[in-house]
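Data first, discussion second: the structure below is written as structure tokens.
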Amino acid sequence: MAEEKKHNVIPPRYDLDAKWDACLDLTIRRFFYSSLAGAFTGLLLFRSPTTRWASVAFGAGVGIGAAYTESSYIFDGSPPKLSPNVSAGPSGSAQEEQK
């Protein structure tokens, strides 16, 4: 019977239920905390109710965006490693002029 259970175990890489649970938890927490930070910032910095609500909405948007980015990393794997395209600098003629 223990052998049957070993065959039915889904590897963590393919376990979509765990990934969805993690993404929903992450989205709810980031939305709440970012909205709370926006509300606190709005209370400190703004006097008009309209600008205070705009601050809350901005915080909520930042939280949703951060959660979306993290969730895409969870579903697609690690983010692509981008190497910066650093040029070697100007050609030798410009370096000779500096000397």
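We name chains A, B, ... following the order of the structure tokens; residues begin at 1 in each chain, and ligands are numbered from 1 as shown.
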Close residues, Gly59 of chain A itself excluded, 7 Å, only C-alpha atoms, min 5 positions apart in chain, as a list in words: Ser34, Ser35, Ala37 and Gly38 of chain A
If we count only C-alpha atoms and set the cut-off at 9 Å, which residues sit around Leu24 of chain A, ignoring sequence neighbours fewer than 4 positions away in its own chain? Please answer as number ranges by chain. A: 19-20, 28-29, 67, 71
Mind dumping the selected residues with C-alpha atoms as a CSV table (one decimal), in the first residue's frame?
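Done, and the output landed in out39.csv:
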chain,number,residue,atom,x,y,z
A,19,LYS,CA,1.1,26.9,-7.0
A,20,TRP,CA,-2.4,28.4,-7.1
A,28,ILE,CA,-4.2,38.8,-0.9
A,29,ARG,CA,-1.3,39.6,1.4
A,67,ALA,CA,1.9,39.7,-6.7
A,71,SER,CA,3.1,34.6,-9.4
Residue neighbourhood Leu36 of chain A, 10 Å, only C-alpha atoms, exclusion window fewer than 5 positions, as number ranges by chain: A: 30-31, 41-42, 55-56, 59-60
So how far away is atom CA of Gly65 of chain A from atom CA of Trp53 of chain A, in Å?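 Atom CA of Gly65 of chain A lies 18.1 Å from atom CA of Trp53 of chain A.
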Given only C-alpha atoms as the basis, pick out the residue of A:Gly61, A:Asn85, A:Gly77, A:Phe46 nearest to Phe32 of chain A.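 Among A:Gly61, A:Asn85, A:Gly77, A:Phe46, it is A:Gly61 that comes nearest to Phe32 of chain A.
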May I have the residues within 9 Å of Glu70 of chain A as a ChimeraX atom specification, using only C-alpha atoms and disregarding those fewer than 5 positions away in the same chain? /A:23,26,65,75
File dump, residues just selected, C-alpha atoms, as a PDB file, in the first residue's frame:
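In the end it all went to selection_37.pdb:
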ATOM      1  CA  CYS A  23      -0.279  32.778  -5.651  1.00  0.00           C
ATOM      2  CA  LEU A  26       0.622  36.128  -2.034  1.00  0.00           C
ATOM      3  CA  GLY A  65       1.502  44.170  -9.756  1.00  0.00           C
ATOM      4  CA  PHE A  75       4.278  29.274 -12.567  1.00  0.00           C
TER       5      PHE A  75
END
